[in-house]
Amino acid sequence: MSLDLALIWAGLIAVAVLLYVVLDGFDLGLGILFPFARSPRDRDVMMNTVAPVWDGNETWLVLGGGGLLAAFPLAYSILMPALYLPVLMMLAGLILRGVAFEFRFRARDRGRRFWTQMFAFGSILAAFAQGLILGGFIQGVQVVDDRFAGGPFDWFTPYTLLVACGLVAGYALLGATWLMLKTTDDLHGDARKWTGISAVATAVLLAAVSLATLVAHPVIGERWGWPDGLMGGIDWAVFAPRALIPLIGVAGLAMVFLGSRKGSHGWPFVGALTVFLSGYLGLAISFAPYVVPYAVNFRQGAAPDNALGLMLWGTAFILPTILAYTAWVYWVFRGKMTPETGYH
Amino acid sequence: MDFDALLLSRMQFAFTVAFHILFPAFTIGLAAFLAVLEGLWLWTKRDVFQTLYLFWVKIFALSFGMGVVSGVVLSYQFGTNWSEFIRLTGGVIGPLLAYEVLTAFFLEASFLGVMLFGWKKVGPKLHFLATVLVAIGTSVSAFWILSANSWMQTPQGYEILANGVFQATNFWEVVFNPSFPSRLTHMLLAAFLTTALVVGAASAFQVLKTRKSGEAPTGWTASRVALVMAVGMIAVTAPLQLLAGHWSGEVAHHYQPSKLAAIEGYWETRADQPLHLFAIPDRSTQSNHFEVSIPGVGNMVQNLPRDEVIQGLDQLAPEDQPPVFMVFWSFRVMVGLGMLMIGLGLWGAYLLWRKTLFDSRWFLRFAVVMGPSGFIAVLAGWMVTEIGRQPWVVYGVLRTADAVSPVTSGEVLTSLLVYITVYAIVFTAGALFILRLMAEGPKAVVTARAAEERRAPGSALAKAPEDVDGDVPGDPS
């Protein structure tokens, strides 16, 4: 039996990116919410809720990048130059916020304030840049002769800016719901407030991005059942089965709002995850089977079978192990976080 | 692709990779040191090992954080700046990099959380296991990245398809390419040596400080224990490193003759080469200026018979020669520091034997001065190997000029300036925090712990802000 290695790897990388988005999403979200915290003490608690796990979360980004490099070198070599400046912004943001975890606790007065600002600034910059990358990816990349052939600012369009705002709102929602799960008292109350605001923002922006995608990219419109543009009438046979995906998103938002109103600490976070899952599935349907949208599909972009096979052998054993110990680490650090349960 | 984007990309890669390597070079050894300390603590139950662990783990956390963020940059830079390299060779070295993420990065990152924040959450044995896994992760990471880099130095086990793309014919040969075993050994020893030099310097500084303050120096203080451990490590690894370096040189003689010629400043292909102690190699004249040489021993240093011909740079067209000056001098900086390290190790071992290690002020000062020498030697060594490979990115097969991305010089200039700015901020702050901790010494841990014990949980003081001693809740100690 021969495995469809390219397909398996496309799936694995899609899963790695999804895991990255939800895992690092909530800790980037904390940084986005940082400026709104009442006190330095609250910020300490916010940071401590993710301090033991953020590094592991970010490793999924390295796997996403490294996996793309290894399994789809052609896609990696086209996308990275195409998205050069947004990738730079993301990396600069991740550096500043990453070191802030340690530096903030080591610094004194002025230094402490500086690294608090850098944590917020870096998180917002990284989230926004990831939105630009996503938007630039969806709108497609110009390819000639297996190489990127566009200009340095091709990614800079109203559409990508809209996607970037949407992702920042979405990460803030993940962060706020995570805080509802992990904190108590005043901070929990603030988190609930932030959840409400960011959920509304996410809902509006997600709807706007969805419509903009259908309008701006006829190929995607056709896939969702609008062969002649949004005004041209809908093909229900195509749209009906796909309608499940936006419905999942609506269900997620309902979980956030209802859970929050009923005083649940866990359901809003589950709801936020569901919203992200829906958005992700929507994207997957929109540009499968492309790894470089509208230019290179996953078969053309794949590494040779012997490379994919070699990696699959190890991955089959190692990935479940990674998931198991990641789950164990989350289990070790489960439960509510208060100033008194700081780690000493 | 314009020339400036190539030059700027090379500058950027050199800058970002040089910044990055400082941290793994330190944390590989430090993780192992921490595992040994925690093991000794569990075994002997002596407080001194716990004190040392709690002290050095703070420095580890700072260094590791900087290593992680600067490493993420590298994993994306292959694509942003060297996309042609990846497009062509991704199918061969990609799996090596992917295995590094899967077998090392996740292990380190996940168990680091337990190591730093898990003291009260898991039992001592499980905590020890976390430390050991982090230490293993750092070394496994070195295994894969050295394998990938060595393949670029001495490629084998691949074929080039009609469209120019590389494909592996035998992955075993790719991973275990000819220069890999010697270079991995050389790098791991360098990491252990770098850490031992830093630990030795910080500890010697504390021993000197206590002497100066006039406190009666008695018994095994934490700094004294650490100093003995560091001296022992240097005394063993520094001479071994000389052998490992020599092994690396022999492999280069075999597989990368142009690199060896640049290292030794040999322009002429001949038997019975001299050994140049000093020279200013000049590519424009294809010769050395101001040579100071010992004739007749060049071959001996390479462990080759005197009548064996050693290839010189004259075998290559000038555009195929590496930048000789930088390779020649980086090598001499590395070897010179290596000799000083061997001296430090032997002197320390002698004083230890005479039981006067803590009394020799001159030795302690020497140990302090040698603290950063490991970092400088590591940088110099990497400059030798990476510049010595030029003008190739995959030696003899793919030119660096053909590996660069189709990006504009404006983009690369922007990114280079951003990295310089961000790294300058991060490095200044990080170095400041680390040096501040070292100046305080392990004593800081002891007083912090005593303060915590005085404030029993549930007492009124337990809720007092901890800023009194400059610490905060959530401090990962």
# chains A, B, ... in the order shown; residues from 1 in each chain; ligands from 1
call {"tool": "closest_atom_pairs", "arguments": {"of": "range 85-124 of chain A", "to": "range 41-62 of chain B", "cutoff": "10 Å", "atoms": "only C-alpha atoms", "output": "CSV"}}
result
residue,atom,partner,partner_atom,distance
A:Val99,CA,B:Leu62,CA,7.8
A:Ala100,CA,B:Leu62,CA,9.9
A:Phe101,CA,B:Leu62,CA,9.2
A:Glu102,CA,B:Leu62,CA,6.1
A:Phe103,CA,B:Leu62,CA,7.4
A:Arg106,CA,B:Leu62,CA,9.1
call {"tool": "closest_atom_pairs", "arguments": {"of": "chain A", "to": "chain B", "cutoff": "7 Å", "atoms": "only C-alpha atoms", "output": "CSV"}}
result
residue,atom,partner,partner_atom,distance
A:Asp44,CA,B:Gly474,CA,6.9
A:Asn48,CA,B:Gly474,CA,6.2
A:Pro52,CA,B:Gly113,CA,3.9
A:Val53,CA,B:Gly113,CA,5.9
A:Asp55,CA,B:Ala109,CA,5.2
A:Gly56,CA,B:Ala109,CA,4.7
A:Thr59,CA,B:Phe106,CA,6.3
A:Val62,CA,B:Val72,CA,6.4
A:Leu63,CA,B:Val101,CA,6.1
A:Gly65,CA,B:Tyr76,CA,6.6
A:Gly66,CA,B:Ala98,CA,5.5
A:Gly67,CA,B:Ala98,CA,5.8
A:Leu69,CA,B:Gly94,CA,6.0
A:Ala70,CA,B:Gly94,CA,3.7
A:Pro73,CA,B:Gly90,CA,5.2
A:Leu74,CA,B:Arg87,CA,5.1
A:Tyr76,CA,B:Gly79,CA,6.2
A:Ser77,CA,B:Ser83,CA,4.4
A:Met80,CA,B:Thr80,CA,4.6
A:Pro81,CA,B:Thr80,CA,4.6
A:Tyr84,CA,B:Thr80,CA,5.7
A:Leu88,CA,B:Ser415,CA,6.5
A:Leu91,CA,B:Val73,CA,6.2
A:Leu94,CA,B:Val69,CA,7.0
A:Ile95,CA,B:Val69,CA,5.1
A:Gly98,CA,B:Val69,CA,6.4
A:Val99,CA,B:Gly65,CA,5.7
A:Glu102,CA,B:Leu62,CA,6.1
A:Phe105,CA,B:Asp475,CA,5.9
A:Arg106,CA,B:Phe433,CA,6.5
A:Phe148,CA,B:Pro406,CA,6.8
A:Ala303,CA,B:Gly91,CA,5.1
A:Pro304,CA,B:Gly91,CA,6.1
A:Ala307,CA,B:Gly91,CA,6.0
A:Met311,CA,B:Pro95,CA,6.0
A:Ile318,CA,B:Leu102,CA,6.8
A:Ile322,CA,B:Phe106,CA,6.8
A:Thr326,CA,B:Ser110,CA,6.4
A:Val329,CA,B:Ser110,CA,7.0
A:Val332,CA,B:Lys121,CA,6.5
A:Pro339,CA,B:Pro473,CA,6.5
A:Gly342,CA,B:Gly474,CA,4.2
A:Tyr343,CA,B:Gly474,CA,5.0
A:His344,CA,B:Ser477,CA,5.6
call {"tool": "residues_around", "arguments": {"residues": "Gly232 in chain B", "least_positions_apart": "4", "cutoff": "8 Å", "atoms": "only C-alpha atoms", "output": "NGL selection string"}}
result
:B and (228 or 236 or 345 or 348-349)
call {"tool": "write_last_selection", "arguments": {"atoms": "N, CA and C atoms", "output": "short mmCIF file (atom, residue, chain, number, x, y, z; two decimals), in the first residue's frame"}}
result
data_model
loop_
_atom_site.label_atom_id
_atom_site.label_comp_id
_atom_site.auth_asym_id
_atom_site.auth_seq_id
_atom_site.Cartn_x
_atom_site.Cartn_y
_atom_site.Cartn_z
N VAL B 228 35.39 24.82 41.69
CA VAL B 228 36.10 23.55 41.54
C VAL B 228 35.52 22.75 40.38
N VAL B 236 39.74 19.22 31.77
CA VAL B 236 39.51 18.04 30.94
C VAL B 236 39.15 18.42 29.50
N GLY B 345 43.14 25.72 32.62
CA GLY B 345 42.76 24.42 33.17
C GLY B 345 43.92 23.76 33.91
N GLY B 348 44.75 25.68 37.13
CA GLY B 348 43.71 25.42 38.13
C GLY B 348 43.85 24.03 38.72
N ALA B 349 44.11 23.05 37.87
CA ALA B 349 44.25 21.67 38.35
C ALA B 349 45.44 21.57 39.31
#
call {"tool": "select_by_dssp", "arguments": {"residues": "range 148-278 of chain A", "states": "helix (DSSP H, G or I)", "output": "ChimeraX atom specification"}}
result
/A:158-182,185-216,218-223,230-232,236-242,244-261,267-278
call {"tool": "closest_residue", "arguments": {"among": "A:Leu7, A:Ala251, A:Met89, A:Ile78", "to": "Leu125 in chain A", "atoms": "only C-alpha atoms"}}
result
A:Met89
call {"tool": "residues_around", "arguments": {"residues": "Arg283 in chain B", "least_positions_apart": "4", "cutoff": "12 Å", "atoms": "only C-alpha atoms", "output": "ChimeraX atom specification"}}
result
/B:262,265-267,287-289,313-314,316-326
call {"tool": "write_last_selection", "arguments": {"atoms": "all heavy atoms", "output": "short mmCIF file (atom, residue, chain, number, x, y, z; two decimals), in the first residue's frame"}}
result
data_model
loop_
_atom_site.label_atom_id
_atom_site.label_comp_id
_atom_site.auth_asym_id
_atom_site.auth_seq_id
_atom_site.Cartn_x
_atom_site.Cartn_y
_atom_site.Cartn_z
N ALA B 262 43.14 28.53 3.20
CA ALA B 262 42.84 29.86 3.71
C ALA B 262 43.20 29.96 5.20
O ALA B 262 43.76 30.97 5.64
CB ALA B 262 41.36 30.17 3.51
N GLY B 265 46.89 30.20 5.30
CA GLY B 265 47.49 31.23 4.46
C GLY B 265 48.44 30.66 3.41
O GLY B 265 49.47 31.25 3.12
N TYR B 266 48.09 29.50 2.86
CA TYR B 266 48.91 28.89 1.81
C TYR B 266 48.42 29.34 0.44
O TYR B 266 47.32 29.00 0.02
CB TYR B 266 48.82 27.35 1.87
CG TYR B 266 49.42 26.74 3.11
CD1 TYR B 266 48.99 25.50 3.56
CD2 TYR B 266 50.43 27.40 3.82
CE1 TYR B 266 49.52 24.93 4.70
CE2 TYR B 266 50.97 26.82 4.96
CZ TYR B 266 50.52 25.59 5.40
OH TYR B 266 51.04 25.03 6.53
N TRP B 267 49.24 30.08 -0.28
CA TRP B 267 48.89 30.46 -1.65
C TRP B 267 49.42 29.45 -2.66
O TRP B 267 48.84 29.21 -3.69
CB TRP B 267 49.45 31.85 -1.98
CG TRP B 267 48.81 32.92 -1.15
CD1 TRP B 267 49.29 33.47 -0.01
CD2 TRP B 267 47.54 33.53 -1.38
NE1 TRP B 267 48.41 34.39 0.50
CE2 TRP B 267 47.32 34.45 -0.34
CE3 TRP B 267 46.56 33.39 -2.38
CZ2 TRP B 267 46.18 35.23 -0.25
CZ3 TRP B 267 45.42 34.18 -2.29
CH2 TRP B 267 45.24 35.07 -1.24
N SER B 287 49.09 36.88 -2.25
CA SER B 287 50.24 36.51 -1.43
C SER B 287 50.05 37.07 -0.02
O SER B 287 49.10 37.80 0.25
CB SER B 287 51.52 37.10 -2.03
OG SER B 287 51.44 38.51 -1.98
N ASN B 288 50.97 36.71 0.88
CA ASN B 288 50.94 37.24 2.24
C ASN B 288 51.93 38.39 2.38
O ASN B 288 53.01 38.35 1.82
CB ASN B 288 51.35 36.15 3.24
CG ASN B 288 50.36 35.01 3.27
OD1 ASN B 288 49.17 35.21 3.00
ND2 ASN B 288 50.83 33.82 3.58
N HIS B 289 51.54 39.39 3.16
CA HIS B 289 52.49 40.43 3.53
C HIS B 289 52.98 40.15 4.95
O HIS B 289 52.26 39.56 5.75
CB HIS B 289 51.82 41.81 3.51
CG HIS B 289 51.20 42.14 2.19
ND1 HIS B 289 51.91 42.22 1.02
CD2 HIS B 289 49.90 42.40 1.85
CE1 HIS B 289 51.09 42.52 0.02
NE2 HIS B 289 49.87 42.63 0.50
N LEU B 313 46.02 28.05 -2.44
CA LEU B 313 44.92 28.77 -3.09
C LEU B 313 45.19 28.99 -4.58
O LEU B 313 44.27 29.34 -5.33
CB LEU B 313 44.72 30.12 -2.39
CG LEU B 313 44.17 29.97 -0.97
CD1 LEU B 313 44.41 31.23 -0.17
CD2 LEU B 313 42.69 29.63 -1.00
N ASP B 314 46.44 28.78 -5.02
CA ASP B 314 46.74 28.95 -6.44
C ASP B 314 45.99 27.96 -7.33
O ASP B 314 45.95 28.12 -8.55
CB ASP B 314 48.25 28.88 -6.69
CG ASP B 314 48.87 27.58 -6.18
OD1 ASP B 314 48.09 26.71 -5.72
OD2 ASP B 314 50.10 27.44 -6.22
N LEU B 316 42.90 27.63 -7.30
CA LEU B 316 41.56 28.18 -7.54
C LEU B 316 41.66 29.53 -8.23
O LEU B 316 42.57 30.30 -7.95
CB LEU B 316 40.83 28.37 -6.21
CG LEU B 316 40.64 27.13 -5.35
CD1 LEU B 316 40.17 27.54 -3.96
CD2 LEU B 316 39.63 26.19 -5.98
N ALA B 317 40.69 29.79 -9.10
CA ALA B 317 40.58 31.13 -9.66
C ALA B 317 40.27 32.09 -8.51
O ALA B 317 39.59 31.70 -7.56
CB ALA B 317 39.47 31.16 -10.69
N PRO B 318 40.76 33.33 -8.59
CA PRO B 318 40.54 34.26 -7.47
C PRO B 318 39.07 34.35 -7.04
O PRO B 318 38.79 34.49 -5.85
CB PRO B 318 41.05 35.59 -8.02
CG PRO B 318 42.07 35.20 -9.03
CD PRO B 318 41.60 33.91 -9.63
N GLU B 319 38.14 34.27 -8.00
CA GLU B 319 36.73 34.42 -7.60
C GLU B 319 36.21 33.17 -6.88
O GLU B 319 35.13 33.20 -6.31
CB GLU B 319 35.84 34.76 -8.81
CG GLU B 319 35.70 33.66 -9.84
CD GLU B 319 36.77 33.76 -10.93
OE1 GLU B 319 37.80 34.42 -10.68
OE2 GLU B 319 36.56 33.17 -12.01
N ASP B 320 36.97 32.09 -6.89
CA ASP B 320 36.57 30.88 -6.18
C ASP B 320 37.25 30.74 -4.82
O ASP B 320 37.06 29.74 -4.12
CB ASP B 320 36.88 29.64 -7.02
CG ASP B 320 35.92 29.50 -8.20
OD1 ASP B 320 34.88 30.20 -8.19
OD2 ASP B 320 36.22 28.72 -9.12
N GLN B 321 38.06 31.74 -4.47
CA GLN B 321 38.76 31.66 -3.19
C GLN B 321 37.93 32.28 -2.07
O GLN B 321 37.23 33.26 -2.29
CB GLN B 321 40.10 32.42 -3.27
CG GLN B 321 41.08 31.82 -4.24
CD GLN B 321 42.24 32.75 -4.50
OE1 GLN B 321 42.27 33.88 -4.04
NE2 GLN B 321 43.21 32.25 -5.26
N PRO B 322 38.00 31.69 -0.87
CA PRO B 322 37.32 32.33 0.27
C PRO B 322 38.08 33.60 0.67
O PRO B 322 39.24 33.77 0.30
CB PRO B 322 37.41 31.27 1.36
CG PRO B 322 38.53 30.38 0.98
CD PRO B 322 38.67 30.44 -0.51
N PRO B 323 37.43 34.51 1.41
CA PRO B 323 38.12 35.70 1.92
C PRO B 323 39.20 35.26 2.91
O PRO B 323 38.92 34.96 4.06
CB PRO B 323 37.02 36.49 2.63
CG PRO B 323 35.74 35.90 2.17
CD PRO B 323 36.02 34.49 1.80
N VAL B 324 40.43 35.21 2.44
CA VAL B 324 41.50 34.55 3.19
C VAL B 324 41.82 35.24 4.51
O VAL B 324 41.99 34.60 5.54
CB VAL B 324 42.79 34.48 2.33
CG1 VAL B 324 43.83 33.63 3.01
CG2 VAL B 324 42.47 33.94 0.96
N PHE B 325 41.88 36.57 4.46
CA PHE B 325 42.30 37.32 5.64
C PHE B 325 41.45 36.97 6.86
O PHE B 325 41.97 36.68 7.94
CB PHE B 325 42.23 38.82 5.34
CG PHE B 325 42.64 39.68 6.50
CD1 PHE B 325 43.97 40.01 6.71
CD2 PHE B 325 41.69 40.15 7.40
CE1 PHE B 325 44.35 40.79 7.79
CE2 PHE B 325 42.07 40.93 8.48
CZ PHE B 325 43.40 41.25 8.67
N MET B 326 40.13 36.98 6.67
CA MET B 326 39.24 36.75 7.81
C MET B 326 39.36 35.32 8.33
O MET B 326 39.31 35.08 9.53
CB MET B 326 37.80 37.07 7.44
CG MET B 326 37.68 38.56 7.31
SD MET B 326 36.14 39.29 6.94
CE MET B 326 34.88 38.54 7.77
#
call {"tool": "closest_atom_pairs", "arguments": {"of": "range 6-43 of chain B", "to": "range 178-199 of chain B", "cutoff": "8 Å", "atoms": "only C-alpha atoms", "output": "CSV"}}
result
residue,atom,partner,partner_atom,distance
B:Pro24,CA,B:Ala191,CA,7.6
B:Ala25,CA,B:Ala191,CA,4.5
B:Phe26,CA,B:Thr195,CA,5.2
B:Thr27,CA,B:Thr195,CA,7.5
B:Ile28,CA,B:Ala191,CA,6.1
B:Gly29,CA,B:Phe192,CA,4.4
B:Leu30,CA,B:Thr195,CA,5.8
call {"tool": "write_last_selection", "arguments": {"atoms": "N, CA, C and O atoms", "output": "mmCIF file, in the first residue's frame"}}
result
data_model
loop_
_atom_site.group_PDB
_atom_site.id
_atom_site.type_symbol
_atom_site.label_atom_id
_atom_site.label_comp_id
_atom_site.auth_asym_id
_atom_site.auth_seq_id
_atom_site.Cartn_x
_atom_site.Cartn_y
_atom_site.Cartn_z
ATOM 1 N N PRO B 24 22.912 29.243 22.424
ATOM 2 C CA PRO B 24 23.076 27.790 22.488
ATOM 3 C C PRO B 24 24.462 27.396 23.006
ATOM 4 O O PRO B 24 24.587 26.459 23.790
ATOM 5 N N ALA B 25 25.508 28.131 22.585
ATOM 6 C CA ALA B 25 26.855 27.765 23.019
ATOM 7 C C ALA B 25 26.934 27.775 24.542
ATOM 8 O O ALA B 25 27.688 27.026 25.143
ATOM 9 N N PHE B 26 26.149 28.603 25.170
ATOM 10 C CA PHE B 26 26.149 28.720 26.623
ATOM 11 C C PHE B 26 25.126 27.766 27.254
ATOM 12 O O PHE B 26 25.414 27.087 28.238
ATOM 13 N N THR B 27 23.908 27.696 26.671
ATOM 14 C CA THR B 27 22.838 26.945 27.336
ATOM 15 C C THR B 27 22.986 25.429 27.192
ATOM 16 O O THR B 27 22.494 24.696 28.046
ATOM 17 N N ILE B 28 23.660 24.956 26.140
ATOM 18 C CA ILE B 28 23.870 23.499 26.023
ATOM 19 C C ILE B 28 24.648 23.009 27.245
ATOM 20 O O ILE B 28 24.260 22.052 27.908
ATOM 21 N N GLY B 29 25.728 23.701 27.549
ATOM 22 C CA GLY B 29 26.535 23.297 28.697
ATOM 23 C C GLY B 29 25.842 23.596 30.017
ATOM 24 O O GLY B 29 25.909 22.803 30.963
ATOM 25 N N LEU B 30 25.158 24.736 30.068
ATOM 26 C CA LEU B 30 24.524 25.129 31.326
ATOM 27 C C LEU B 30 23.393 24.168 31.693
ATOM 28 O O LEU B 30 23.199 23.843 32.874
#
call {"tool": "residues_around", "arguments": {"residues": "range 270-275 of chain B", "least_positions_apart": "2", "cutoff": "6 Å", "atoms": "only C-alpha atoms", "output": "list of chain:residue names"}}
result
B:Ser293, B:Ile294, B:Pro295, B:Gly296, B:Val297, B:Gly298, B:Asn299, B:Arg306, B:Asp307, B:Glu308, B:Val309, B:Ile310
call {"tool": "write_last_selection", "arguments": {"atoms": "N, CA and C atoms", "output": "mmCIF file, in the first residue's frame"}}
result
data_model
loop_
_atom_site.group_PDB
_atom_site.id
_atom_site.type_symbol
_atom_site.label_atom_id
_atom_site.label_comp_id
_atom_site.auth_asym_id
_atom_site.auth_seq_id
_atom_site.Cartn_x
_atom_site.Cartn_y
_atom_site.Cartn_z
ATOM 1 N N SER B 293 57.191 33.131 9.702
ATOM 2 C CA SER B 293 56.896 31.715 9.522
ATOM 3 C C SER B 293 57.989 30.826 10.070
ATOM 4 N N ILE B 294 57.585 29.598 10.398
ATOM 5 C CA ILE B 294 58.583 28.589 10.750
ATOM 6 C C ILE B 294 58.618 27.623 9.569
ATOM 7 N N PRO B 295 59.700 27.585 8.817
ATOM 8 C CA PRO B 295 59.723 26.693 7.666
ATOM 9 C C PRO B 295 59.797 25.234 8.114
ATOM 10 N N GLY B 296 59.199 24.370 7.296
ATOM 11 C CA GLY B 296 59.385 22.941 7.516
ATOM 12 C C GLY B 296 58.470 22.287 8.527
ATOM 13 N N VAL B 297 57.633 23.054 9.250
ATOM 14 C CA VAL B 297 56.782 22.388 10.249
ATOM 15 C C VAL B 297 55.296 22.416 9.878
ATOM 16 N N GLY B 298 54.951 23.094 8.771
ATOM 17 C CA GLY B 298 53.544 23.178 8.372
ATOM 18 C C GLY B 298 52.903 21.809 8.208
ATOM 19 N N ASN B 299 53.588 20.932 7.522
ATOM 20 C CA ASN B 299 53.047 19.589 7.322
ATOM 21 C C ASN B 299 52.928 18.830 8.638
ATOM 22 N N ARG B 306 56.278 15.089 5.600
ATOM 23 C CA ARG B 306 56.835 16.336 5.110
ATOM 24 C C ARG B 306 56.796 16.440 3.583
ATOM 25 N N ASP B 307 56.833 15.295 2.912
ATOM 26 C CA ASP B 307 56.883 15.342 1.443
ATOM 27 C C ASP B 307 55.487 15.312 0.821
ATOM 28 N N GLU B 308 54.431 15.317 1.642
ATOM 29 C CA GLU B 308 53.094 15.317 1.044
ATOM 30 C C GLU B 308 52.727 16.726 0.581
ATOM 31 N N VAL B 309 52.109 16.773 -0.625
ATOM 32 C CA VAL B 309 51.750 18.065 -1.195
ATOM 33 C C VAL B 309 50.461 18.567 -0.552
ATOM 34 N N ILE B 310 50.480 19.801 -0.055
ATOM 35 C CA ILE B 310 49.264 20.420 0.474
ATOM 36 C C ILE B 310 48.808 21.492 -0.511
#
call {"tool": "residues_around", "arguments": {"residues": "Leu18 in chain A", "least_positions_apart": "6", "cutoff": "12 Å", "atoms": "only C-alpha atoms", "output": "MDAnalysis selection string"}}
result
chainID A and resid 11:12 24:25 57 60:61 63:64 273:274 276:281 283:284
call {"tool": "residues_around", "arguments": {"residues": "Ser264 in chain A", "least_positions_apart": "6", "cutoff": "10 Å", "atoms": "only C-alpha atoms", "output": "VMD selection string"}}
result
chain A and resid 180 to 181 255 to 256 258
call {"tool": "atom_distance", "arguments": {"atom1": "CA of Gly151 in chain A", "atom2": "CA of Pro391 in chain B"}}
result
28.1 Å
call {"tool": "select_by_dssp", "arguments": {"residues": "range 44-244 of chain A", "states": "strand (DSSP E)", "output": "PyMOL selection string"}}
result
chain A and resi 143-144+147-148
call {"tool": "write_last_selection", "arguments": {"atoms": "all heavy atoms", "output": "compact mmCIF listing (two decimals), in the first residue's frame"}}
result
# COMPACT_ATOMS: atom_id res chain seq x y z
N VAL A 143 3.63 34.28 -9.21
CA VAL A 143 4.72 33.32 -9.36
C VAL A 143 5.08 33.18 -10.83
O VAL A 143 4.19 33.03 -11.68
CB VAL A 143 4.31 31.93 -8.81
CG1 VAL A 143 5.45 30.93 -8.99
CG2 VAL A 143 3.92 32.04 -7.35
N VAL A 144 6.37 33.30 -11.14
CA VAL A 144 6.84 33.02 -12.48
C VAL A 144 8.02 32.06 -12.36
O VAL A 144 8.95 32.32 -11.60
CB VAL A 144 7.31 34.32 -13.19
CG1 VAL A 144 7.95 33.98 -14.54
CG2 VAL A 144 6.15 35.28 -13.37
N ARG A 147 9.30 30.90 -8.94
CA ARG A 147 9.85 31.87 -8.00
C ARG A 147 8.85 33.00 -7.80
O ARG A 147 8.05 33.30 -8.69
CB ARG A 147 11.16 32.46 -8.53
CG ARG A 147 12.30 31.48 -8.60
CD ARG A 147 13.47 32.10 -9.32
NE ARG A 147 14.55 31.16 -9.52
CZ ARG A 147 14.61 30.30 -10.56
NH1 ARG A 147 13.65 30.27 -11.47
NH2 ARG A 147 15.64 29.47 -10.68
N PHE A 148 8.95 33.65 -6.64
CA PHE A 148 8.12 34.82 -6.39
C PHE A 148 8.50 35.91 -7.39
O PHE A 148 9.68 36.18 -7.59
CB PHE A 148 8.33 35.31 -4.97
CG PHE A 148 7.72 36.65 -4.70
CD1 PHE A 148 6.35 36.85 -4.86
CD2 PHE A 148 8.50 37.74 -4.31
CE1 PHE A 148 5.78 38.08 -4.62
CE2 PHE A 148 7.93 38.97 -4.07
CZ PHE A 148 6.57 39.15 -4.23
call {"tool": "atom_distance", "arguments": {"atom1": "CA of Thr138 in chain B", "atom2": "CA of Ala104 in chain B"}}
result
6.6 Å
call {"tool": "atom_distance", "arguments": {"atom1": "CA of Gly196 in chain A", "atom2": "CA of Val50 in chain A"}}
result
21.5 Å
